[in-house]
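*Asks:* Pasting target-v2.cif below, which is mmCIF, C-alpha atoms.
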```
data_data
loop_
_atom_site.label_atom_id
_atom_site.label_comp_id
_atom_site.auth_asym_id
_atom_site.auth_seq_id
_atom_site.Cartn_x
_atom_site.Cartn_y
_atom_site.Cartn_z
CA MET A 1 -73.18 -230.09 -41.05
CA ARG A 2 -75.74 -230.52 -43.74
CA LEU A 3 -75.45 -228.08 -46.59
CA TRP A 4 -78.33 -227.26 -48.78
CA LYS A 5 -77.84 -228.68 -52.27
CA ARG A 6 -79.38 -226.74 -55.00
CA PRO A 7 -81.89 -228.73 -57.13
CA LYS A 8 -81.15 -227.15 -60.46
CA ARG A 9 -84.32 -228.15 -62.23
CA LYS A 10 -86.68 -227.20 -59.48
CA ILE A 11 -85.07 -223.87 -58.90
CA SER A 12 -85.22 -222.97 -62.48
CA SER A 13 -88.93 -223.85 -62.66
CA SER A 14 -89.79 -221.96 -59.51
CA SER A 15 -87.60 -219.13 -60.62
CA SER A 16 -89.64 -218.74 -63.75
CA ARG A 17 -92.79 -218.77 -61.63
CA TYR A 18 -91.50 -216.15 -59.20
CA LEU A 19 -90.43 -213.93 -62.04
CA LYS A 20 -94.03 -213.29 -62.82
CA MET A 21 -94.80 -212.49 -59.20
CA ASP A 22 -94.45 -209.34 -57.16
CA THR A 23 -91.70 -209.33 -54.52
CA LEU A 24 -94.19 -209.52 -51.65
CA GLU A 25 -96.18 -212.19 -53.44
CA THR A 26 -93.00 -214.23 -53.64
CA ILE A 27 -92.44 -213.84 -49.92
CA LEU A 28 -96.04 -214.69 -49.15
CA SER A 29 -95.98 -217.77 -51.39
CA ASN A 30 -94.50 -219.79 -48.54
CA THR A 31 -95.07 -217.40 -45.64
CA TYR A 32 -98.47 -217.64 -44.01
CA THR A 33 -98.15 -216.28 -40.52
CA LYS A 34 -97.55 -212.77 -39.37
CA LYS A 35 -94.76 -213.90 -37.11
CA ASP A 36 -92.97 -215.78 -39.91
CA LEU A 37 -93.33 -212.84 -42.25
CA SER A 38 -91.88 -210.43 -39.74
CA HIS A 39 -89.01 -212.76 -38.95
CA ARG A 40 -88.22 -213.53 -42.57
CA LEU A 41 -88.22 -209.87 -43.51
CA TYR A 42 -85.74 -209.29 -40.74
CA LEU A 43 -83.56 -212.15 -41.97
CA LEU A 44 -83.83 -210.88 -45.54
CA ARG A 45 -82.72 -207.40 -44.54
CA GLU A 46 -79.81 -208.75 -42.52
CA PHE A 47 -78.71 -211.11 -45.23
CA LEU A 48 -78.93 -208.55 -48.06
CA GLU A 49 -77.05 -205.96 -46.06
CA GLU A 50 -74.32 -208.47 -45.35
CA ARG A 51 -74.22 -209.61 -48.96
CA LEU A 52 -74.50 -206.23 -50.69
CA PHE A 53 -72.31 -204.20 -48.38
CA SER A 54 -69.42 -206.67 -48.08
CA GLU A 55 -66.72 -207.92 -50.37
CA LYS A 56 -68.60 -211.16 -50.84
CA LYS A 57 -71.34 -209.73 -53.04
CA ASN A 58 -70.31 -211.87 -55.98
CA ALA A 59 -70.25 -215.12 -54.00
CA ASN A 60 -72.76 -217.89 -54.50
CA ILE A 61 -76.06 -216.85 -52.94
CA ILE A 62 -76.97 -220.23 -51.58
CA TYR A 63 -73.56 -220.72 -50.08
CA GLN A 64 -73.65 -217.27 -48.61
CA LEU A 65 -77.18 -217.77 -47.24
CA ASN A 66 -76.13 -221.02 -45.68
CA GLU A 67 -73.20 -219.33 -44.04
CA PHE A 68 -75.45 -216.53 -42.80
CA PHE A 69 -77.96 -218.93 -41.27
CA GLU A 70 -75.25 -220.91 -39.58
CA LYS A 71 -73.87 -217.73 -38.12
CA LYS A 72 -77.31 -216.68 -36.94
CA LYS A 73 -78.09 -220.19 -35.73
CA GLU A 74 -81.43 -220.07 -37.44
CA LYS A 75 -83.65 -223.08 -38.19
CA ARG A 76 -83.26 -224.98 -41.42
CA ASP A 77 -86.92 -224.40 -42.19
CA GLU A 78 -86.28 -220.71 -42.44
CA PHE A 79 -83.27 -221.31 -44.67
CA ASN A 80 -85.37 -223.53 -46.93
CA ALA A 81 -88.13 -220.93 -47.03
CA LEU A 82 -85.73 -218.20 -48.17
CA VAL A 83 -84.01 -220.45 -50.70
CA ALA A 84 -87.43 -221.33 -52.08
CA TRP A 85 -87.83 -217.71 -53.14
CA GLY A 86 -85.17 -218.42 -55.84
CA TYR A 87 -81.99 -216.79 -57.13
CA ASP A 88 -83.86 -214.21 -59.12
CA PHE A 89 -85.62 -212.92 -56.03
CA PHE A 90 -82.31 -211.97 -54.43
CA GLU A 91 -81.00 -210.51 -57.72
CA ILE A 92 -83.71 -207.85 -57.59
CA PHE A 93 -81.97 -206.10 -54.71
CA ASN A 94 -78.80 -204.05 -55.18
CA THR A 95 -77.08 -201.41 -53.13
CA GLU A 96 -79.13 -198.63 -54.70
CA ASN A 97 -82.66 -200.02 -54.32
CA LEU A 98 -82.28 -202.17 -51.21
CA TYR A 99 -83.94 -199.88 -48.69
CA THR A 100 -86.48 -198.55 -51.18
CA LYS A 101 -87.59 -202.08 -52.01
CA LEU A 102 -87.64 -203.10 -48.39
CA LYS A 103 -89.70 -200.03 -47.57
CA GLU A 104 -92.16 -200.91 -50.33
CA ILE A 105 -92.50 -204.45 -48.99
CA GLU A 106 -93.00 -203.25 -45.42
CA ASP A 107 -95.64 -200.78 -46.55
CA LYS A 108 -97.53 -203.48 -48.36
CA VAL A 109 -97.23 -205.83 -45.41
CA GLY A 110 -98.85 -203.18 -43.25
CA GLY A 111 -101.93 -203.31 -45.47
CA LEU A 112 -102.29 -207.08 -45.55
CA PRO A 113 -105.42 -208.57 -44.01
CA VAL A 114 -104.80 -210.61 -40.87
CA VAL A 115 -106.92 -213.42 -39.50
CA THR A 116 -106.13 -214.06 -35.84
CA VAL A 117 -106.61 -217.68 -34.94
CA TYR A 118 -106.64 -218.80 -31.29
CA LEU A 119 -105.76 -222.45 -30.96
CA PRO A 120 -105.86 -224.83 -27.99
CA ILE A 121 -102.72 -226.61 -29.26
CA PHE A 122 -99.42 -225.69 -30.82
CA LEU A 123 -99.91 -226.41 -34.50
CA PRO A 124 -97.04 -228.38 -36.12
CA ILE A 125 -95.04 -226.41 -38.71
CA TYR A 126 -96.19 -228.67 -41.51
CA GLU A 127 -99.81 -227.80 -40.75
CA ILE A 128 -99.28 -224.05 -41.06
CA PRO A 129 -99.17 -223.87 -44.91
CA LYS A 130 -102.38 -225.90 -45.04
CA LEU A 131 -104.08 -223.51 -42.65
CA GLY A 132 -102.66 -220.49 -44.51
CA ASP A 133 -103.87 -221.82 -47.83
CA TRP A 134 -107.34 -222.40 -46.42
CA ILE A 135 -107.46 -218.84 -45.13
CA ARG A 136 -106.24 -217.36 -48.40
CA LYS A 137 -108.65 -219.50 -50.37
CA ASN A 138 -111.73 -219.00 -48.18
CA VAL A 139 -111.17 -215.60 -46.55
CA GLN A 140 -108.98 -213.36 -48.67
CA ALA A 141 -106.05 -213.85 -50.98
CA GLY A 142 -102.76 -212.78 -49.45
CA ALA A 143 -104.20 -212.80 -45.94
CA LEU A 144 -101.86 -213.49 -43.08
CA VAL A 145 -102.57 -215.73 -40.14
CA ASP A 146 -101.77 -214.54 -36.65
CA LEU A 147 -101.57 -217.70 -34.56
CA LYS A 148 -102.15 -217.44 -30.83
CA ALA A 149 -102.46 -220.06 -28.13
CA ASP A 150 -105.46 -220.31 -25.82
CA PRO A 151 -105.33 -223.42 -23.63
CA GLN A 152 -108.84 -222.71 -22.34
CA LEU A 153 -110.33 -223.65 -25.67
CA ILE A 154 -111.48 -227.20 -26.23
CA GLY A 155 -111.37 -228.39 -29.77
CA GLY A 156 -111.80 -226.04 -32.71
CA CYS A 157 -110.53 -222.48 -32.53
CA ALA A 158 -111.48 -218.87 -31.93
CA LEU A 159 -111.16 -216.26 -34.65
CA VAL A 160 -110.72 -212.54 -34.93
CA TRP A 161 -111.60 -210.99 -38.24
CA LYS A 162 -111.90 -207.30 -38.85
CA GLY A 163 -111.92 -206.58 -35.17
CA THR A 164 -114.60 -209.18 -34.30
CA TYR A 165 -113.85 -212.08 -32.03
CA LYS A 166 -115.81 -215.29 -32.18
CA ASP A 167 -115.29 -218.54 -30.39
CA TYR A 168 -115.75 -221.59 -32.63
CA SER A 169 -114.45 -224.07 -30.12
CA LEU A 170 -116.58 -226.68 -28.34
CA ARG A 171 -118.10 -223.85 -26.31
CA TYR A 172 -119.72 -222.57 -29.49
CA TYR A 173 -121.30 -225.91 -30.21
CA LEU A 174 -122.41 -226.31 -26.59
CA ASP A 175 -123.99 -222.86 -26.71
CA LYS A 176 -125.81 -223.79 -29.87
CA SER A 177 -127.13 -226.92 -28.19
CA LYS A 178 -127.77 -225.28 -24.82
CA GLU A 179 -131.52 -225.76 -24.79
CA ALA A 180 -131.24 -229.39 -25.78
CA ILE A 181 -128.65 -229.97 -23.06
CA LYS A 182 -130.86 -228.24 -20.50
CA ARG A 183 -133.70 -230.53 -21.40
CA VAL A 184 -131.45 -233.54 -21.00
CA VAL A 185 -130.29 -232.34 -17.57
CA ALA A 186 -133.86 -231.50 -16.52
CA ASP A 187 -134.96 -235.05 -17.42
CA TYR A 188 -132.51 -236.37 -14.87
CA LEU A 189 -133.67 -234.04 -12.07
CA PRO A 190 -136.58 -235.02 -9.80
CA LYS A 191 -139.81 -233.12 -10.28
CA SER A 192 -141.13 -230.83 -7.50
CA SER A 193 -142.96 -232.70 -4.77
CA LEU A 194 -145.07 -229.71 -3.78
CA THR A 195 -148.53 -229.41 -5.15
CA ALA A 196 -148.80 -225.89 -3.79
CA ALA A 197 -146.47 -223.75 -1.68
CA GLY A 198 -146.88 -224.45 2.02
CA SER A 199 -149.23 -227.42 1.67
CA ILE A 200 -148.27 -230.82 2.93
CA PRO A 201 -148.65 -233.77 0.61
CA ALA A 202 -150.95 -236.47 2.00
CA MET B 1 -146.38 -205.41 125.84
CA ASN B 2 -145.24 -202.34 124.05
CA LEU B 3 -147.77 -200.22 125.88
CA ASN B 4 -146.42 -201.35 129.23
CA SER B 5 -142.88 -200.62 128.26
CA ASP B 6 -143.87 -197.10 127.14
CA LEU B 7 -145.60 -196.41 130.47
CA LEU B 8 -142.61 -197.61 132.37
CA LEU B 9 -140.27 -195.49 130.41
CA ASN B 10 -142.48 -192.39 130.93
CA LEU B 11 -142.56 -193.03 134.59
CA LEU B 12 -138.79 -193.33 134.82
CA PHE B 13 -138.40 -190.15 132.82
CA GLY B 14 -140.82 -188.27 135.19
CA VAL B 15 -139.04 -189.38 138.31
CA THR B 16 -135.63 -188.49 136.90
CA SER B 17 -136.90 -185.06 135.83
CA PHE B 18 -138.35 -184.40 139.23
CA SER B 19 -135.03 -185.27 140.94
CA ILE B 20 -133.12 -182.99 138.62
CA ILE B 21 -135.54 -180.08 139.12
CA LEU B 22 -135.35 -180.59 142.90
CA SER B 23 -131.55 -180.58 142.87
CA ILE B 24 -131.56 -177.40 140.78
CA TYR B 25 -133.98 -175.84 143.32
CA LEU B 26 -131.72 -176.74 146.24
CA VAL B 27 -128.67 -175.32 144.60
CA LEU B 28 -130.57 -172.16 143.63
CA SER B 29 -132.02 -171.64 147.14
CA SER B 30 -128.60 -172.11 148.71
CA PHE B 31 -127.17 -169.53 146.35
CA LEU B 32 -129.98 -167.06 147.13
CA ARG B 33 -129.48 -167.53 150.87
CA GLU B 34 -125.84 -166.83 150.70
CA LYS B 35 -126.47 -163.79 148.62
CA ARG B 36 -129.03 -162.51 151.16
CA VAL B 37 -126.58 -162.96 153.97
CA LYS B 38 -123.95 -161.01 152.14
CA GLU B 39 -126.38 -158.19 151.40
CA ILE B 40 -127.36 -157.98 154.98
CA LEU B 41 -123.78 -157.95 156.11
CA ASN B 42 -122.87 -155.37 153.63
CA SER B 43 -125.76 -153.09 154.54
CA ASN B 44 -124.96 -150.84 157.54
CA SER B 45 -128.19 -151.43 159.18
CA LEU B 46 -128.57 -149.90 162.42
CA ASP B 47 -131.08 -152.15 163.59
CA LEU B 48 -128.99 -155.15 164.59
CA SER B 49 -131.69 -156.72 166.66
CA SER B 50 -134.11 -156.77 163.85
CA GLN B 51 -131.50 -158.10 161.66
CA TYR B 52 -130.74 -160.93 163.96
CA GLU B 53 -134.33 -161.83 164.32
CA GLU B 54 -134.83 -161.86 160.65
CA THR B 55 -131.74 -163.98 160.18
CA SER B 56 -132.90 -166.52 162.63
CA HIS B 57 -136.22 -166.76 160.88
CA ILE B 58 -134.48 -167.31 157.65
CA LEU B 59 -132.27 -170.00 159.04
CA GLU B 60 -135.23 -171.71 160.54
CA ALA B 61 -137.08 -171.55 157.29
CA GLU B 62 -134.12 -172.85 155.73
CA LYS B 63 -133.92 -175.80 157.90
CA LYS B 64 -137.51 -176.56 157.32
CA SER B 65 -137.17 -176.33 153.67
CA ASN B 66 -134.13 -178.53 153.77
CA THR B 67 -136.03 -181.04 155.70
CA ILE B 68 -138.86 -180.90 153.27
CA ILE B 69 -136.48 -181.25 150.42
CA HIS B 70 -134.76 -184.12 152.09
CA LYS B 71 -138.04 -185.80 152.57
CA ALA B 72 -139.01 -185.12 149.10
CA LEU B 73 -135.78 -186.55 147.93
CA ARG B 74 -136.22 -189.65 149.92
CA GLN B 75 -139.74 -189.93 148.74
CA ALA B 76 -138.53 -189.50 145.23
CA GLN B 77 -135.90 -192.17 145.81
CA LYS B 78 -138.53 -194.47 147.00
CA ILE B 79 -140.77 -193.76 144.17
CA LEU B 80 -137.90 -194.28 141.87
CA VAL B 81 -136.96 -197.60 143.34
CA LYS B 82 -140.54 -198.65 143.30
CA ALA B 83 -140.89 -197.59 139.73
CA GLU B 84 -137.74 -199.44 138.83
CA LEU B 85 -138.95 -202.50 140.53
CA SER B 86 -142.31 -202.16 138.86
CA GLY B 87 -140.55 -201.67 135.63
CA LEU B 88 -138.37 -204.73 136.11
CA SER B 89 -141.28 -206.87 137.10
CA LEU B 90 -143.20 -205.50 134.22
CA ILE B 91 -140.34 -206.31 131.91
CA ALA B 92 -140.10 -209.79 133.32
CA ARG B 93 -143.75 -210.23 132.87
CA GLU B 94 -143.48 -208.84 129.43
CA LYS B 95 -140.72 -211.27 128.64
CA LEU B 96 -142.68 -214.19 129.86
CA GLU B 97 -145.72 -212.96 128.07
CA SER B 98 -143.79 -212.49 124.89
CA LYS B 99 -142.35 -216.00 125.07
CA ARG B 100 -145.77 -217.36 125.58
CA LEU B 101 -147.06 -215.25 122.77
CA ALA B 102 -144.21 -216.33 120.55
CA SER B 103 -144.88 -219.99 121.18
CA GLU B 104 -148.56 -219.40 120.64
CA TYR B 105 -147.81 -217.44 117.60
CA GLN B 106 -145.53 -220.17 116.31
CA LEU B 107 -148.19 -222.70 116.96
CA GLU B 108 -150.76 -220.58 115.27
CA LEU B 109 -148.38 -219.98 112.46
CA ARG B 110 -147.82 -223.67 111.99
CA LYS B 111 -151.51 -224.21 111.97
CA VAL B 112 -151.95 -221.46 109.45
CA MET B 113 -149.14 -222.88 107.40
CA GLU B 114 -150.68 -226.31 107.52
CA GLU B 115 -153.96 -224.82 106.48
CA ILE B 116 -152.32 -222.85 103.74
CA LYS B 117 -150.47 -225.97 102.64
CA LEU B 118 -153.65 -227.95 102.58
CA GLN B 119 -155.39 -225.13 100.84
CA LEU B 120 -152.59 -224.86 98.33
CA GLN B 121 -152.60 -228.61 97.78
CA LYS B 122 -156.30 -228.47 97.23
CA THR B 123 -156.00 -225.48 94.94
CA SER B 124 -153.17 -227.15 93.08
CA ASN B 125 -155.16 -230.32 92.67
CA ASP B 126 -158.14 -228.34 91.53
CA ALA B 127 -156.00 -226.36 89.13
CA GLU B 128 -154.39 -229.51 87.79
CA LYS B 129 -157.74 -231.10 87.33
CA SER B 130 -159.05 -227.98 85.71
CA TYR B 131 -155.98 -227.75 83.51
CA ILE B 132 -156.22 -231.39 82.46
CA SER B 133 -159.88 -230.91 81.78
CA PHE B 134 -159.08 -227.76 79.83
CA LEU B 135 -156.40 -229.54 77.86
CA LYS B 136 -158.69 -232.40 77.13
CA GLU B 137 -161.34 -230.03 76.00
CA ILE B 138 -158.88 -228.20 73.82
CA GLU B 139 -157.62 -231.49 72.44
CA ASP B 140 -161.14 -232.55 71.64
CA ARG B 141 -161.88 -229.19 70.10
CA VAL B 142 -158.67 -229.18 68.08
CA GLY B 143 -159.33 -232.75 67.00
CA ARG B 144 -162.80 -231.86 65.89
CA ASP B 145 -161.51 -228.75 64.19
CA LEU B 146 -158.76 -230.68 62.45
CA THR B 147 -161.13 -233.33 61.24
CA LYS B 148 -163.44 -230.68 59.93
CA LYS B 149 -160.62 -228.81 58.26
CA GLN B 150 -159.19 -232.02 56.83
CA GLU B 151 -162.53 -232.79 55.28
CA VAL B 152 -162.72 -229.28 53.83
CA LEU B 153 -159.15 -229.61 52.61
CA GLU B 154 -159.87 -232.92 50.96
CA VAL B 155 -162.85 -231.44 49.19
CA LYS B 156 -160.79 -228.48 48.08
CA ILE B 157 -157.91 -230.70 46.94
CA ASP B 158 -160.30 -232.85 44.96
CA SER B 159 -161.77 -229.75 43.37
CA PHE B 160 -158.31 -228.38 42.69
CA PHE B 161 -157.17 -231.61 41.08
CA GLU B 162 -160.25 -231.74 38.92
CA LYS B 163 -159.72 -228.14 37.79
CA THR B 164 -156.01 -228.74 37.21
CA GLN B 165 -156.72 -231.85 35.20
CA THR B 166 -159.24 -229.99 33.08
CA LEU B 167 -156.87 -227.10 32.55
CA LEU B 168 -154.01 -229.42 31.77
CA THR B 169 -156.07 -231.34 29.25
CA GLU B 170 -157.18 -228.10 27.62
CA PHE B 171 -153.60 -226.81 27.64
CA VAL B 172 -152.26 -230.02 26.11
CA ASP B 173 -154.96 -229.95 23.45
CA ASP B 174 -154.19 -226.31 22.65
CA LEU B 175 -150.49 -227.02 22.61
CA HIS B 176 -151.02 -229.97 20.33
CA ASP B 177 -153.10 -227.88 17.96
CA GLN B 178 -150.57 -225.04 18.02
CA THR B 179 -147.66 -227.40 17.53
CA GLN B 180 -149.41 -229.11 14.68
CA THR B 181 -150.19 -225.78 13.03
CA GLN B 182 -146.66 -224.53 13.58
CA LEU B 183 -145.22 -227.80 12.34
CA ASP B 184 -147.39 -227.70 9.23
CA LYS B 185 -146.31 -224.12 8.64
CA GLU B 186 -142.65 -224.95 9.15
CA ILE B 187 -142.82 -227.96 6.88
CA GLY B 188 -144.60 -225.83 4.30
CA ASN B 189 -141.94 -223.14 4.57
CA ALA B 190 -139.16 -225.72 4.42
CA LYS B 191 -140.65 -227.28 1.31
CA LYS B 192 -141.06 -223.85 -0.22
CA ILE B 193 -137.43 -223.01 0.56
CA ILE B 194 -136.31 -226.35 -0.85
CA GLU B 195 -138.34 -225.76 -4.00
CA GLU B 196 -136.95 -222.24 -4.32
CA TYR B 197 -133.48 -223.59 -3.73
CA ARG B 198 -134.06 -226.30 -6.33
CA VAL B 199 -135.30 -223.77 -8.85
CA GLN B 200 -132.42 -221.45 -8.02
CA ARG B 201 -129.89 -224.24 -8.39
CA LEU B 202 -131.48 -225.32 -11.64
CA GLN B 203 -131.30 -221.74 -12.84
CA ILE B 204 -127.63 -221.63 -11.92
CA VAL B 205 -127.08 -224.95 -13.67
CA ASP B 206 -128.97 -223.69 -16.73
CA GLU B 207 -126.94 -220.51 -16.81
CA ASN B 208 -123.65 -222.28 -16.35
CA ILE B 209 -124.37 -225.53 -18.06
CA VAL B 210 -122.13 -224.72 -20.97
CA ALA B 211 -119.27 -223.77 -18.67
CA ILE B 212 -119.83 -226.91 -16.62
CA LEU B 213 -119.84 -229.13 -19.66
CA GLU B 214 -116.90 -227.28 -21.11
CA LYS B 215 -114.88 -227.82 -17.96
CA THR B 216 -116.02 -231.41 -17.82
CA LEU B 217 -115.02 -231.95 -21.42
CA ASN B 218 -111.76 -230.15 -20.84
CA ILE B 219 -110.99 -232.53 -17.98
CA THR B 220 -112.11 -235.60 -19.88
CA LEU B 221 -111.21 -234.76 -23.50
CA GLY B 222 -108.59 -232.00 -23.24
CA LYS B 223 -105.66 -234.34 -23.01
CA LYS B 224 -107.19 -237.25 -24.89
CA LEU B 225 -107.78 -235.62 -28.27
CA THR B 226 -105.07 -236.53 -30.77
CA LEU B 227 -103.31 -233.95 -32.89
CA SER B 228 -105.16 -235.06 -36.02
CA GLU B 229 -108.48 -234.84 -34.14
CA GLN B 230 -107.59 -231.38 -32.89
CA THR B 231 -106.62 -230.30 -36.43
CA GLU B 232 -109.81 -231.75 -37.79
CA LEU B 233 -111.81 -229.81 -35.21
CA ILE B 234 -109.97 -226.61 -36.20
CA TYR B 235 -110.98 -227.01 -39.83
CA GLU B 236 -114.51 -227.84 -38.81
CA ALA B 237 -114.54 -224.63 -36.82
CA LEU B 238 -113.24 -222.67 -39.81
CA GLU B 239 -115.87 -224.22 -42.04
CA GLU B 240 -118.53 -223.30 -39.49
CA ALA B 241 -117.25 -219.71 -39.45
CA LYS B 242 -117.34 -219.61 -43.20
CA LYS B 243 -120.86 -221.05 -43.15
CA GLU B 244 -121.91 -218.35 -40.71
CA ASN B 245 -120.38 -215.73 -43.03
CA PHE B 246 -118.02 -214.64 -40.28
CA PHE B 247 -115.36 -213.66 -42.83
CA VAL B 248 -117.60 -211.34 -44.79
#
```
How does the structure come out when it is put into structure tokens?

*Replies:*
Amino acid sequence: MRLWKRPKRKISSSSSRYLKMDTLETILSNTYTKKDLSHRLYLLREFLEERLFSEKKNANIIYQLNEFFEKKKEKRDEFNALVAWGYDFFEIFNTENLYTKLKEIEDKVGGLPVVTVYLPIFLPIYEIPKLGDWIRKNVQAGALVDLKADPQLIGGCALVWKGTYKDYSLRYYLDKSKEAIKRVVADYLPKSSLTAAGSIPA
Amino acid sequence: MNLNSDLLLNLLFGVTSFSIILSIYLVLSSFLREKRVKEILNSNSLDLSSQYEETSHILEAEKKSNTIIHKALRQAQKILVKAELSGLSLIAREKLESKRLASEYQLELRKVMEEIKLQLQKTSNDAEKSYISFLKEIEDRVGRDLTKKQEVLEVKIDSFFEKTQTLLTEFVDDLHDQTQTQLDKEIGNAKKIIEEYRVQRLQIVDENIVAILEKTLNITLGKKLTLSEQTELIYEALEEAKKENFFV
């Protein structure tokens, strides 16, 4: 069993960075998809409840988180994502403000912009932050990505933004070049042999 | 012969009748005489002498009458015998005569028959000749008639064939023209339909060209694009969306 080893220096640096950030901003810093956000919020709630409402509330957070993830049989990526939020992030929550804070986060999540992206492939996990960053940089900061699979698409993707769907797959490019393609096809078809309807060519 | 037989029979009948009448007379006279005698005896005549005289007269008369009757009878017998003899001889003569007549008749009959036979033979020969002549005439007439009719028939057949040939030629020409026209029309229609079909198909191809290409590309490229190529295409798509101001 591989236990997560705390990199002291890195944590401290990230911790200082997260201190300046809002709780939701911290969560969103490494959470780009709607599905991940929902799942991580669920894990966070479960973990904090277990930590704050048990006798182990003074135990090491990382150790405790590791134990929790092993019990839940969750992926290591999720564990790493939560650890990346830093010690200070978990110190914000106590028995008194836990549900209030969680409610605040959930309310904010409800107002986050979502870009739905239909993909013809299953994107590898390591590609998701890149895609999320592109969305947040080019569409809207703090936007979430809702990834969906559409095997009918060829190349590219289809997008839904503010209730509008648009296909930017190969179909889009073919549609754009439709007239040119028609001309190409027409060049390969034989011309009409009739000079006039009903008349017989000599 | 028949006449003689009739006379003889009449004669025999007369004699027989006379004999019968005479016999009846004798019986009747005898009865009357006896009756007269009884009446006289029964009457109490006083005049016996006159009675006797009268009786003798009667008896005498009677005798005379009997004699007469006897004579008459004998005469009648004679006549009868004579008549019978005459009759027999007459019959014999009649028989002989009839035999002679029969033989003559037979002879005559044979002659007549021979004549009739000859006549019949002659008539038959004449009839046969006439019939043969008639047949020959009919044959000649029929032959002539047939020849004439055959000639007429040949003329009519020739005329019929000429007309038929003309009609057939005209019909074939008409049919050829009609067929040609119909064929031209059908070919025209077929070409029109083909052209329409071609245009229709082209229209369908035009309308669905993107889908066709998409499916084609899906079949050919869908499984051949690498992950990095796919990712690259995704970012290209996002850049295109950004360029189109889709995220505004």

*Asks:* Where does chain B meet chain A within 9 Å, residue by residue, with the nearest atom pair and distance in Å to one decimal for each, counting all atoms listed in the file, listed by chain and rising number, as a Markdown table?

*Replies:*
```
| residue | atom | partner | partner_atom | distance |
| --- | --- | --- | --- | --- |
| B:Asp184 | CA | A:Ile200 | CA | 7.1 |
| B:Lys185 | CA | A:Gly198 | CA | 6.7 |
| B:Glu186 | CA | A:Gly198 | CA | 8.3 |
| B:Ile187 | CA | A:Gly198 | CA | 7.2 |
| B:Gly188 | CA | A:Gly198 | CA | 3.5 |
| B:Asn189 | CA | A:Gly198 | CA | 5.7 |
| B:Ala190 | CA | A:Gly198 | CA | 8.2 |
| B:Lys191 | CA | A:Gly198 | CA | 6.9 |
| B:Lys192 | CA | A:Ala197 | CA | 5.6 |
| B:Glu195 | CA | A:Ser192 | CA | 6.8 |
| B:Arg198 | CA | A:Ser192 | CA | 8.5 |
| B:Leu202 | CA | A:Ala186 | CA | 8.2 |
| B:Val205 | CA | A:Lys182 | CA | 8.5 |
| B:Asp206 | CA | A:Lys182 | CA | 6.2 |
| B:Ile209 | CA | A:Lys182 | CA | 7.4 |
| B:Val210 | CA | A:Leu174 | CA | 5.8 |
| B:Ala211 | CA | A:Arg171 | CA | 7.7 |
| B:Leu213 | CA | A:Leu174 | CA | 7.9 |
| B:Glu214 | CA | A:Arg171 | CA | 6.3 |
| B:Lys215 | CA | A:Ile154 | CA | 9.0 |
| B:Leu217 | CA | A:Ile154 | CA | 7.6 |
| B:Asn218 | CA | A:Ile154 | CA | 6.2 |
| B:Leu221 | CA | A:Ile154 | CA | 8.0 |
| B:Gly222 | CA | A:Ile154 | CA | 6.4 |
| B:Leu225 | CA | A:Gly155 | CA | 8.2 |
| B:Leu227 | CA | A:Ile121 | CA | 8.2 |
| B:Glu229 | CA | A:Gly155 | CA | 8.3 |
| B:Gln230 | CA | A:Gly155 | CA | 5.7 |
| B:Thr231 | CA | A:Gly156 | CA | 7.7 |
| B:Glu232 | CA | A:Gly156 | CA | 7.9 |
| B:Leu233 | CA | A:Gly156 | CA | 4.5 |
| B:Ile234 | CA | A:Gly156 | CA | 4.0 |
| B:Tyr235 | CA | A:Gly156 | CA | 7.2 |
| B:Glu236 | CA | A:Gly156 | CA | 6.9 |
| B:Ala237 | CA | A:Gly156 | CA | 5.1 |
| B:Leu238 | CA | A:Tyr168 | CA | 7.7 |
| B:Glu240 | CA | A:Tyr168 | CA | 7.6 |
| B:Ala241 | CA | A:Tyr168 | CA | 7.2 |
| B:Lys242 | CA | A:Asn138 | CA | 7.5 |
| B:Phe246 | CA | A:Trp161 | CA | 7.7 |
| B:Phe247 | CA | A:Val139 | CA | 5.9 |
| B:Val248 | CA | A:Val139 | CA | 7.9 |
```

*Asks:* Report, in Å with one decimal, the straight-line distance from atom CA of Tyr42 of chain A to atom CA of Leu147 of chain A.

*Replies:* 19.0 Å

*Asks:* Can you tell me how far atom CA of Thr123 of chain B sits from atom CA of Asp140 of chain B, in Å to one decimal?

*Replies:* 24.9 Å

*Asks:* Can you tell me how far atom CA of Ala72 of chain B sits from atom CA of Leu22 of chain B, in Å to one decimal?

*Replies:*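 One can read the atom CA of Ala72 of chain B to atom CA of Leu22 of chain B distance as 8.5 Å.
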
*Asks:* With distances taken over only C-alpha atoms, which of A:Asp133, A:Asp187, A:Glu96, A:Glu25 is nearest to Leu37 of chain A?

*Replies:* A:Glu25

*Asks:* Would you list the contacts of segment 66-71 of chain A as a PyMOL selection string, taking every protein, DNA or RNA residue within 9 Å and counting only C-alpha atoms, but skipping same-chain residues closer than 2 positions in sequence?

*Replies:* chain A and resi 3-4+43+46-47+50+61-64+73-76+78-79

*Asks:* Taking the file above as input, evaluate the PyMOL selection byres ((chain B and resi 23-36) around 9) and report the hits as number ranges by chain.

*Replies:* B: 18-22, 37-41, 58-59, 62, 66, 69, 73
